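J.: Dropping in target-v2.pdb, which is PDB, C-alpha atoms (C1' of nucleotides):
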```pdb
ATOM      1  CA  MET E   1      25.813  -4.843 -16.866  1.00  0.00           C
ATOM      2  CA  SER E   2      23.356  -7.355 -15.891  1.00  0.00           C
ATOM      3  CA  HIS E   3      20.455  -5.078 -16.702  1.00  0.00           C
ATOM      4  CA  PRO E   4      20.773  -2.132 -19.101  1.00  0.00           C
ATOM      5  CA  GLU E   5      17.118  -1.486 -18.344  1.00  0.00           C
ATOM      6  CA  PRO E   6      16.280   2.152 -17.633  1.00  0.00           C
ATOM      7  CA  ASP E   7      14.069   3.019 -14.712  1.00  0.00           C
ATOM      8  CA  ARG E   8      11.047   0.800 -14.421  1.00  0.00           C
ATOM      9  CA  ALA E   9       7.813   2.690 -14.699  1.00  0.00           C
ATOM     10  CA  LEU E  10       5.595   2.896 -11.648  1.00  0.00           C
ATOM     11  CA  TYR E  11       1.887   3.608 -11.686  1.00  0.00           C
ATOM     12  CA  THR E  12      -0.599   4.952  -9.214  1.00  0.00           C
ATOM     13  CA  ILE E  13      -3.621   2.845  -8.431  1.00  0.00           C
ATOM     14  CA  SER E  14      -5.832   4.784 -10.845  1.00  0.00           C
ATOM     15  CA  VAL E  15      -3.449   4.234 -13.756  1.00  0.00           C
ATOM     16  CA  ALA E  16      -2.894   0.579 -12.895  1.00  0.00           C
ATOM     17  CA  ALA E  17      -6.649   0.141 -12.728  1.00  0.00           C
ATOM     18  CA  GLN E  18      -7.124   1.625 -16.180  1.00  0.00           C
ATOM     19  CA  LEU E  19      -4.334  -0.526 -17.612  1.00  0.00           C
ATOM     20  CA  ALA E  20      -6.076  -3.602 -16.266  1.00  0.00           C
ATOM     21  CA  GLY E  21      -9.598  -2.458 -16.957  1.00  0.00           C
ATOM     22  CA  VAL E  22     -10.775  -2.664 -13.365  1.00  0.00           C
ATOM     23  CA  SER E  23     -11.542  -0.139 -10.635  1.00  0.00           C
ATOM     24  CA  PRO E  24      -9.188   0.982  -7.861  1.00  0.00           C
ATOM     25  CA  ARG E  25     -11.618  -0.643  -5.416  1.00  0.00           C
ATOM     26  CA  THR E  26     -11.004  -3.983  -7.090  1.00  0.00           C
ATOM     27  CA  LEU E  27      -7.229  -3.559  -6.964  1.00  0.00           C
ATOM     28  CA  ARG E  28      -7.345  -2.871  -3.242  1.00  0.00           C
ATOM     29  CA  HIS E  29      -9.583  -5.884  -2.854  1.00  0.00           C
ATOM     30  CA  TYR E  30      -7.127  -8.122  -4.716  1.00  0.00           C
ATOM     31  CA  GLU E  31      -4.331  -6.861  -2.545  1.00  0.00           C
ATOM     32  CA  SER E  32      -6.258  -7.536   0.642  1.00  0.00           C
ATOM     33  CA  HIS E  33      -6.523 -11.130  -0.524  1.00  0.00           C
ATOM     34  CA  GLY E  34      -2.802 -11.495  -1.175  1.00  0.00           C
ATOM     35  CA  LEU E  35      -3.021 -11.442  -4.965  1.00  0.00           C
ATOM     36  CA  LEU E  36      -0.904  -8.319  -5.316  1.00  0.00           C
ATOM     37  CA  ALA E  37       1.772  -6.599  -3.270  1.00  0.00           C
ATOM     38  CA  PRO E  38       2.570  -3.232  -4.866  1.00  0.00           C
ATOM     39  CA  ALA E  39       5.277  -1.088  -3.335  1.00  0.00           C
ATOM     40  CA  ARG E  40       4.330   1.955  -1.306  1.00  0.00           C
ATOM     41  CA  THR E  41       5.607   5.475  -1.050  1.00  0.00           C
ATOM     42  CA  ARG E  42       6.596   6.767   2.320  1.00  0.00           C
ATOM     43  CA  GLY E  43       3.106   8.169   2.663  1.00  0.00           C
ATOM     44  CA  GLY E  44       1.501   4.848   1.875  1.00  0.00           C
ATOM     45  CA  THR E  45       0.418   5.392  -1.717  1.00  0.00           C
ATOM     46  CA  ARG E  46       0.593   2.216  -3.783  1.00  0.00           C
ATOM     47  CA  LEU E  47       3.101   2.091  -6.625  1.00  0.00           C
ATOM     48  CA  TYR E  48       2.425  -0.562  -9.248  1.00  0.00           C
ATOM     49  CA  SER E  49       5.445  -1.818 -11.222  1.00  0.00           C
ATOM     50  CA  ASP E  50       5.353  -3.413 -14.656  1.00  0.00           C
ATOM     51  CA  ASN E  51       5.620  -6.742 -12.872  1.00  0.00           C
ATOM     52  CA  ASP E  52       2.602  -5.875 -10.774  1.00  0.00           C
ATOM     53  CA  ILE E  53       0.708  -4.962 -13.922  1.00  0.00           C
ATOM     54  CA  ALA E  54       1.680  -8.250 -15.548  1.00  0.00           C
ATOM     55  CA  ARG E  55       0.571 -10.137 -12.452  1.00  0.00           C
ATOM     56  CA  LEU E  56      -2.605  -8.102 -12.391  1.00  0.00           C
ATOM     57  CA  ARG E  57      -3.333  -9.167 -15.941  1.00  0.00           C
ATOM     58  CA  ARG E  58      -3.002 -12.798 -14.946  1.00  0.00           C
ATOM     59  CA  VAL E  59      -5.424 -12.101 -12.110  1.00  0.00           C
ATOM     60  CA  THR E  60      -8.094 -10.518 -14.302  1.00  0.00           C
ATOM     61  CA  GLU E  61      -7.689 -13.247 -16.873  1.00  0.00           C
ATOM     62  CA  LEU E  62      -8.262 -15.978 -14.281  1.00  0.00           C
ATOM     63  CA  ALA E  63     -11.118 -14.036 -12.758  1.00  0.00           C
ATOM     64  CA  GLU E  64     -12.794 -13.851 -16.176  1.00  0.00           C
ATOM     65  CA  GLN E  65     -12.480 -17.600 -16.354  1.00  0.00           C
ATOM     66  CA  GLY E  66     -14.432 -17.897 -13.152  1.00  0.00           C
ATOM     67  CA  VAL E  67     -11.583 -18.708 -10.759  1.00  0.00           C
ATOM     68  CA  ASN E  68     -12.210 -17.340  -7.261  1.00  0.00           C
ATOM     69  CA  LEU E  69      -9.645 -15.281  -5.374  1.00  0.00           C
ATOM     70  CA  VAL E  70      -8.329 -18.197  -3.339  1.00  0.00           C
ATOM     71  CA  GLY E  71      -7.794 -20.210  -6.513  1.00  0.00           C
ATOM     72  CA  ILE E  72      -6.147 -17.289  -8.265  1.00  0.00           C
ATOM     73  CA  ARG E  73      -3.736 -16.814  -5.401  1.00  0.00           C
ATOM     74  CA  ARG E  74      -2.705 -20.462  -5.505  1.00  0.00           C
ATOM     75  CA  ILE E  75      -2.246 -20.452  -9.278  1.00  0.00           C
ATOM     76  CA  LEU E  76      -0.162 -17.288  -9.175  1.00  0.00           C
ATOM     77  CA  ASP E  77       2.009 -18.577  -6.365  1.00  0.00           C
ATOM     78  CA  LEU E  78       2.632 -21.804  -8.255  1.00  0.00           C
ATOM     79  CA  GLN E  79       3.401 -19.944 -11.486  1.00  0.00           C
ATOM     80  CA  ASP E  80       5.841 -17.697  -9.698  1.00  0.00           C
ATOM     81  CA  GLU E  81       7.488 -20.555  -7.864  1.00  0.00           C
ATOM     82  CA  ASN E  82       7.872 -22.419 -11.130  1.00  0.00           C
ATOM     83  CA  THR E  83       9.420 -19.357 -12.762  1.00  0.00           C
ATOM     84  CA  ARG E  84      11.733 -18.965  -9.796  1.00  0.00           C
ATOM     85  CA  LEU E  85      12.937 -22.559 -10.108  1.00  0.00           C
ATOM     86  CA  ARG E  86      13.584 -22.141 -13.820  1.00  0.00           C
ATOM     87  CA  GLU E  87      15.613 -19.017 -13.231  1.00  0.00           C
ATOM     88  CA  ASP E  88      17.619 -20.787 -10.552  1.00  0.00           C
ATOM     89  CA  GLY E  89      20.232 -21.669 -13.137  1.00  0.00           C
ATOM     90  CA  ARG E  90      20.250 -25.356 -12.301  1.00  0.00           C
ATOM     91  CA  GLY E  91      17.609 -26.099 -14.843  1.00  0.00           C
ATOM     92  CA  ASP E  92      19.806 -28.419 -16.912  1.00  0.00           C
ATOM     93  CA  ARG E  93      18.901 -31.893 -15.881  1.00  0.00           C
ATOM     94  CA  PRO E  94      20.331 -34.021 -18.794  1.00  0.00           C
ATOM     95  CA  ASP E  95      17.859 -36.839 -18.408  1.00  0.00           C
ATOM     96  CA  GLY E  96      15.090 -34.661 -17.251  1.00  0.00           C
ATOM     97  CA  ALA E  97      15.511 -35.838 -13.690  1.00  0.00           C
ATOM     98  CA  VAL E  98      14.006 -33.679 -10.977  1.00  0.00           C
ATOM     99  CA  ARG E  99      15.964 -33.396  -7.750  1.00  0.00           C
TER     100      ARG E  99
ATOM    101  C1'  DT W 100      -7.978  16.182  -6.503  1.00  0.00           C
ATOM    102  C1'  DT W 101      -6.189  11.739  -5.455  1.00  0.00           C
ATOM    103  C1'  DT W 102      -5.276   8.189  -2.250  1.00  0.00           C
ATOM    104  C1'  DC W 103      -5.717   5.732   2.161  1.00  0.00           C
ATOM    105  C1'  DT W 104      -8.500   2.812   5.524  1.00  0.00           C
ATOM    106  C1'  DT W 105     -12.692   1.260   7.276  1.00  0.00           C
ATOM    107  C1'  DA W 106     -17.268   0.114   6.667  1.00  0.00           C
ATOM    108  C1'  DC W 107     -22.070  -0.500   4.851  1.00  0.00           C
ATOM    109  C1'  DA W 108     -25.246  -2.206   1.370  1.00  0.00           C
TER     110       DA W 108
ATOM    111  C1'  DT S 109     -18.365  -3.853  -6.400  1.00  0.00           C
ATOM    112  C1'  DG S 110     -19.883   0.888  -5.499  1.00  0.00           C
ATOM    113  C1'  DT S 111     -20.006   4.487  -2.442  1.00  0.00           C
ATOM    114  C1'  DA S 112     -19.205   7.288   1.853  1.00  0.00           C
ATOM    115  C1'  DA S 113     -16.648   9.292   5.800  1.00  0.00           C
ATOM    116  C1'  DG S 114     -12.564  11.384   7.479  1.00  0.00           C
ATOM    117  C1'  DT S 115      -7.493  11.797   6.559  1.00  0.00           C
ATOM    118  C1'  DA S 116      -3.124  12.823   4.594  1.00  0.00           C
TER     119       DA S 116
END
```
Written as structure tokens, how would this file's structure read?
T.:
Amino acid sequence: MSHPEPDRALYTISVAAQLAGVSPRTLRHYESHGLLAPARTRGGTRLYSDNDIARLRRVTELAEQGVNLVGIRRILDLQDENTRLREDGRGDRPDGAVR
DNA sequence: TTTCTTACA
DNA sequence: TGTAAGTA
């Protein structure tokens, strides 16, 4: 009962592109630079999850702010690592100590 | 028709 | 980033 969530929606590249306001070409470009890693069908078609869409939104937002792809990748990796650490369950450090 | 990769401008 | 070729 950890997650009552129904099936997570998946989108094709054209739908994901519309949701993010960019072209499929741009999505493939982002992926080639390690900014995105959508799942694939057996035939190779990309399947974007809600998480991918959320990540994609962070990408477009940073891009609008003038951050280049290398910078965006680093920021996203750091954000995700930070989120991962928080969700690690050991986030209760009484005195705020780290490690 | 859509998507995929590769590639050119 | 847009477009094209040749596939699947």
J.: Could you spell out the hits of the PyMOL selection byres ((chain W and resi 102) around 7) on the shown file, as a PyMOL selection string?
T.: (chain E and resi 45) or (chain W and resi 101+103)
J.: Run the PyMOL selection byres ((chain E) within 12 of (chain W)) against the file shown and list the residues it catches, as a list of chain:residue names.
T.: E:Thr12, E:Ile13, E:Ser14, E:Val15, E:Pro24, E:Arg25, E:Arg28, E:Ser32, E:Arg40, E:Thr41, E:Gly43, E:Gly44, E:Thr45, E:Arg46, E:Leu47
J.: Mind telling me what the PyMOL selection byres ((chain S) within 12 of (chain E)) catches here, as a VMD selection string?
T.: chain S and resid 109 to 111 115 to 116
J.: Could you take the residues named above and write them with C-alpha atoms (C1' of nucleotides), as a compact mmCIF listing (two decimals), in the coordinates of the input?
T.:
```txt
# COMPACT_ATOMS: atom_id res chain seq x y z
C1' DT S 109 -18.36 -3.85 -6.40
C1' DG S 110 -19.88 0.89 -5.50
C1' DT S 111 -20.01 4.49 -2.44
C1' DT S 115 -7.49 11.80 6.56
C1' DA S 116 -3.12 12.82 4.59
```
J.: Edge lengths and centre in Å to one decimal, as JSON, of the axis-aligned box that encloses all listed atoms of range 100-106 of chain W with 3 Å added on every side?
T.:
```
{"center_x": -11.3, "center_y": 8.1, "center_z": 0.4, "size_x": 18.0, "size_y": 22.1, "size_z": 19.8}
```
J.: Tell me which protein, DNA and RNA residues are within 8 Å of range 66-73 of chain E, counting only C-alpha atoms (C1' of nucleotides), leaving out same-chain ones fewer than 5 positions away, and put them as JSON, numbers by chain.
T.: {"E": [30, 33, 34, 35, 59]}
J.: What separation in Å, quoted to one decimal, exists between CA of Leu27 in chain E and CA of Ala54 in chain E?
T.: 13.2 Å
J.: Do you know which residues are at most 12 Å from Asn51 in chain E counting all atoms listed in the file, after dropping those on the same chain fewer than 3 positions away, and could you put them as a ChimeraX atom specification?
T.: /E:8-11,16,36-39,47-48,54-58,80
J.: Selecting N, CA and C atoms (P, O5', C5', C4', C3', O3' and C1' of nucleotides), how would chain S from this structure be written as a compact mmCIF listing (two decimals), in the first residue's frame?
T.:
```txt
# COMPACT_ATOMS: atom_id res chain seq x y z
P DT S 109 16.20 25.03 -29.04
O5' DT S 109 16.32 24.83 -30.66
C5' DT S 109 16.21 26.07 -31.37
C4' DT S 109 16.06 25.81 -32.84
C3' DT S 109 14.93 24.82 -33.19
O3' DT S 109 14.01 25.50 -34.03
C1' DT S 109 16.92 24.33 -34.41
P DG S 110 12.65 24.68 -34.41
O5' DG S 110 12.89 24.37 -35.95
C5' DG S 110 13.33 25.41 -36.79
C4' DG S 110 13.65 24.86 -38.18
C3' DG S 110 12.62 23.84 -38.68
O3' DG S 110 12.24 24.17 -40.01
C1' DG S 110 14.82 22.92 -38.80
P DT S 111 11.09 23.31 -40.69
O5' DT S 111 11.96 22.31 -41.59
C5' DT S 111 13.00 22.85 -42.39
C4' DT S 111 13.78 21.74 -43.05
C3' DT S 111 12.90 20.60 -43.58
O3' DT S 111 13.22 20.39 -44.94
C1' DT S 111 14.71 19.74 -42.29
P DA S 112 12.33 19.35 -45.77
O5' DA S 112 13.38 18.17 -46.02
C5' DA S 112 14.69 18.50 -46.51
C4' DA S 112 15.50 17.24 -46.68
C3' DA S 112 14.65 16.05 -47.12
O3' DA S 112 15.32 15.33 -48.15
C1' DA S 112 15.80 15.52 -45.10
P DA S 113 14.55 14.18 -48.90
O5' DA S 113 15.43 12.91 -48.53
C5' DA S 113 16.85 13.01 -48.58
C4' DA S 113 17.45 11.74 -48.02
C3' DA S 113 16.72 10.48 -48.45
O3' DA S 113 17.65 9.47 -48.80
C1' DA S 113 16.77 10.60 -46.08
P DG S 114 17.18 8.26 -49.64
O5' DG S 114 16.93 7.15 -48.52
C5' DG S 114 18.04 6.69 -47.74
C4' DG S 114 17.53 5.76 -46.66
C3' DG S 114 16.47 4.75 -47.15
O3' DG S 114 16.74 3.47 -46.59
C1' DG S 114 15.69 5.90 -45.25
P DT S 115 15.91 2.22 -47.11
O5' DT S 115 15.23 1.68 -45.78
C5' DT S 115 14.85 2.57 -44.74
C4' DT S 115 15.09 1.94 -43.38
C3' DT S 115 14.15 0.80 -43.05
O3' DT S 115 14.74 -0.14 -42.17
C1' DT S 115 13.61 2.73 -41.74
P DA S 116 14.00 -1.51 -41.90
O5' DA S 116 13.07 -1.11 -40.65
C5' DA S 116 13.67 -0.87 -39.38
C4' DA S 116 12.59 -0.60 -38.35
C3' DA S 116 11.51 -1.67 -38.31
O3' DA S 116 11.09 -1.90 -36.96
C1' DA S 116 10.53 0.41 -38.72
```
